[in-house]
Amino acid sequence: MLKTILHVLSIVATFLLLTRYLPGFYMQEFGSAIFAALIFGFVNATLGFVLKLLTFPLVLVTFGLFSLVINAVMLILVAFLVPGFSINGFWPALVAAVALGGVNLLWKSLGKRDSKEGAKE
(Lines give C-alpha, C1' and ligand atoms only; values in the text may rest on other atoms or scores of the structure.)
Protein backbone atom coordinates (compact mmCIF):
# COMPACT_ATOMS: atom_id res chain seq x y z
CA MET A 1 0.00 0.00 0.00
CA LEU A 2 2.82 2.39 0.86
CA LYS A 3 4.56 1.64 -2.44
CA THR A 4 1.36 2.45 -4.33
CA ILE A 5 0.96 5.77 -2.53
CA LEU A 6 4.60 6.65 -3.18
CA HIS A 7 4.21 5.75 -6.85
CA VAL A 8 1.14 7.98 -7.19
CA LEU A 9 2.99 10.80 -5.42
CA SER A 10 5.93 10.41 -7.83
CA ILE A 11 3.51 10.78 -10.74
CA VAL A 12 1.96 13.84 -9.06
CA ALA A 13 5.44 15.33 -8.63
CA THR A 14 6.18 14.63 -12.30
CA PHE A 15 2.95 16.36 -13.32
CA LEU A 16 3.85 19.40 -11.21
CA LEU A 17 7.39 19.54 -12.64
CA LEU A 18 6.04 19.25 -16.17
CA THR A 19 3.62 22.08 -15.42
CA ARG A 20 6.52 24.27 -14.41
CA TYR A 21 8.95 23.42 -17.23
CA LEU A 22 6.95 22.14 -20.22
CA PRO A 23 5.08 24.73 -22.29
CA GLY A 24 1.60 23.53 -23.18
CA PHE A 25 1.22 21.35 -20.07
CA TYR A 26 -0.94 23.04 -17.44
CA MET A 27 -2.07 21.94 -13.99
CA GLN A 28 -3.96 24.48 -11.87
CA GLU A 29 -3.40 23.09 -8.40
CA PHE A 30 -2.06 20.21 -6.33
CA GLY A 31 -5.51 18.62 -5.99
CA SER A 32 -5.89 18.52 -9.76
CA ALA A 33 -2.51 16.80 -10.00
CA ILE A 34 -3.56 14.11 -7.51
CA PHE A 35 -6.88 13.57 -9.28
CA ALA A 36 -5.16 13.47 -12.68
CA ALA A 37 -2.61 10.90 -11.45
CA LEU A 38 -5.37 8.65 -10.12
CA ILE A 39 -7.47 8.97 -13.28
CA PHE A 40 -4.38 8.43 -15.44
CA GLY A 41 -3.63 5.19 -13.59
CA PHE A 42 -7.20 4.00 -14.02
CA VAL A 43 -7.44 4.98 -17.71
CA ASN A 44 -4.03 3.51 -18.46
CA ALA A 45 -4.93 0.24 -16.73
CA THR A 46 -8.24 -0.15 -18.57
CA LEU A 47 -8.39 1.63 -21.92
CA GLY A 48 -4.61 1.78 -22.26
CA PHE A 49 -4.36 -1.97 -21.80
CA VAL A 50 -6.95 -2.58 -24.52
CA LEU A 51 -5.22 -0.15 -26.90
CA LYS A 52 -1.85 -1.77 -26.27
CA LEU A 53 -3.34 -5.17 -27.05
CA LEU A 54 -4.95 -3.91 -30.25
CA THR A 55 -1.82 -2.11 -31.43
CA PHE A 56 0.64 -4.80 -30.35
CA PRO A 57 1.92 -5.44 -33.90
CA LEU A 58 2.67 -1.72 -34.33
CA VAL A 59 4.35 -1.58 -30.92
CA LEU A 60 6.42 -4.61 -31.89
CA VAL A 61 7.48 -3.12 -35.23
CA THR A 62 8.50 0.19 -33.61
CA PHE A 63 10.39 -1.60 -30.81
CA GLY A 64 7.95 -0.28 -28.20
CA LEU A 65 8.07 3.38 -29.18
CA PHE A 66 4.43 3.41 -30.24
CA SER A 67 3.49 2.76 -26.61
CA LEU A 68 4.66 6.33 -25.91
CA VAL A 69 2.11 7.54 -28.46
CA ILE A 70 -0.58 5.51 -26.70
CA ASN A 71 0.43 7.03 -23.36
CA ALA A 72 0.32 10.51 -24.90
CA VAL A 73 -3.23 9.84 -26.11
CA MET A 74 -4.14 8.60 -22.63
CA LEU A 75 -2.76 11.85 -21.17
CA ILE A 76 -4.83 13.91 -23.59
CA LEU A 77 -7.90 11.92 -22.57
CA VAL A 78 -7.16 12.50 -18.88
CA ALA A 79 -6.69 16.22 -19.55
CA PHE A 80 -10.14 16.21 -21.14
CA LEU A 81 -11.66 14.44 -18.11
CA VAL A 82 -9.95 16.29 -15.24
CA PRO A 83 -10.89 19.90 -14.53
CA GLY A 84 -7.87 22.10 -13.94
CA PHE A 85 -5.62 20.02 -16.20
CA SER A 86 -4.97 20.79 -19.85
CA ILE A 87 -2.49 19.85 -22.53
CA ASN A 88 -2.22 22.07 -25.59
CA GLY A 89 -1.29 19.79 -28.45
CA PHE A 90 0.17 16.38 -29.08
CA TRP A 91 3.87 17.24 -28.63
CA PRO A 92 3.60 18.34 -24.98
CA ALA A 93 1.63 15.15 -24.35
CA LEU A 94 4.35 13.07 -26.02
CA VAL A 95 7.10 14.75 -23.98
CA ALA A 96 5.04 14.16 -20.83
CA ALA A 97 4.60 10.51 -21.81
CA VAL A 98 8.37 10.16 -22.19
CA ALA A 99 8.90 11.79 -18.78
CA LEU A 100 6.31 9.53 -17.14
CA GLY A 101 7.92 6.53 -18.83
CA GLY A 102 11.26 7.55 -17.30
CA VAL A 103 9.70 7.91 -13.86
CA ASN A 104 8.06 4.49 -14.17
CA LEU A 105 11.34 2.95 -15.35
CA LEU A 106 13.13 4.44 -12.35
CA TRP A 107 10.35 3.26 -10.05
CA LYS A 108 10.53 -0.31 -11.40
CA SER A 109 14.31 -0.43 -11.12
CA LEU A 110 14.14 0.74 -7.50
CA GLY A 111 11.48 -1.89 -6.81
CA LYS A 112 13.64 -4.65 -8.27
CA ARG A 113 16.61 -3.52 -6.23
CA ASP A 114 14.51 -3.54 -3.03
CA SER A 115 13.19 -7.04 -3.74
CA LYS A 116 16.73 -8.34 -4.36
CA GLU A 117 17.96 -6.84 -1.09
CA GLY A 118 15.01 -8.37 0.75
CA ALA A 119 15.81 -11.80 -0.69
CA LYS A 120 19.41 -11.64 0.54
CA GLU A 121 18.43 -11.10 4.16
# chains A, B, ... in the order shown; residues from 1 in each chain; ligands from 1
$ residues_around --residues "Leu51 in chain A" --least-positions-apart "3" --cutoff "12 Å" --atoms "only C-alpha atoms" --output "list in words"
Val43, Asn44, Ala45, Thr46, Leu47, Gly48, Leu54, Thr55, Phe56, Pro57, Leu58, Val59, Phe66, Ser67, Leu68, Val69, Ile70, Asn71, Val73 and Met74 of chain A
$ closest_residue --among "A:Leu22, A:Leu77, A:Leu38, A:Leu106" --to "Pro92 in chain A" --atoms "only C-alpha atoms"
A:Leu22
$ residues_around --residues "Gly84 in chain A" --least-positions-apart "6" --cutoff "6 Å" --atoms "only C-alpha atoms" --output "list in words"
Met27, Gln28 and Ser32 of chain A
$ atom_distance --atom1 "CA of Ser86 in chain A" --atom2 "CA of Tyr26 in chain A"
5.2 Å
$ atom_distance --atom1 "CA of Val78 in chain A" --atom2 "CA of Ile11 in chain A"
13.5 Å
$ select_by_dssp --residues "chain A" --states "helix (DSSP H, G or I)" --output "MDAnalysis selection string"
chainID A and resid 2:21 30:54 56:61 66:81 90:120
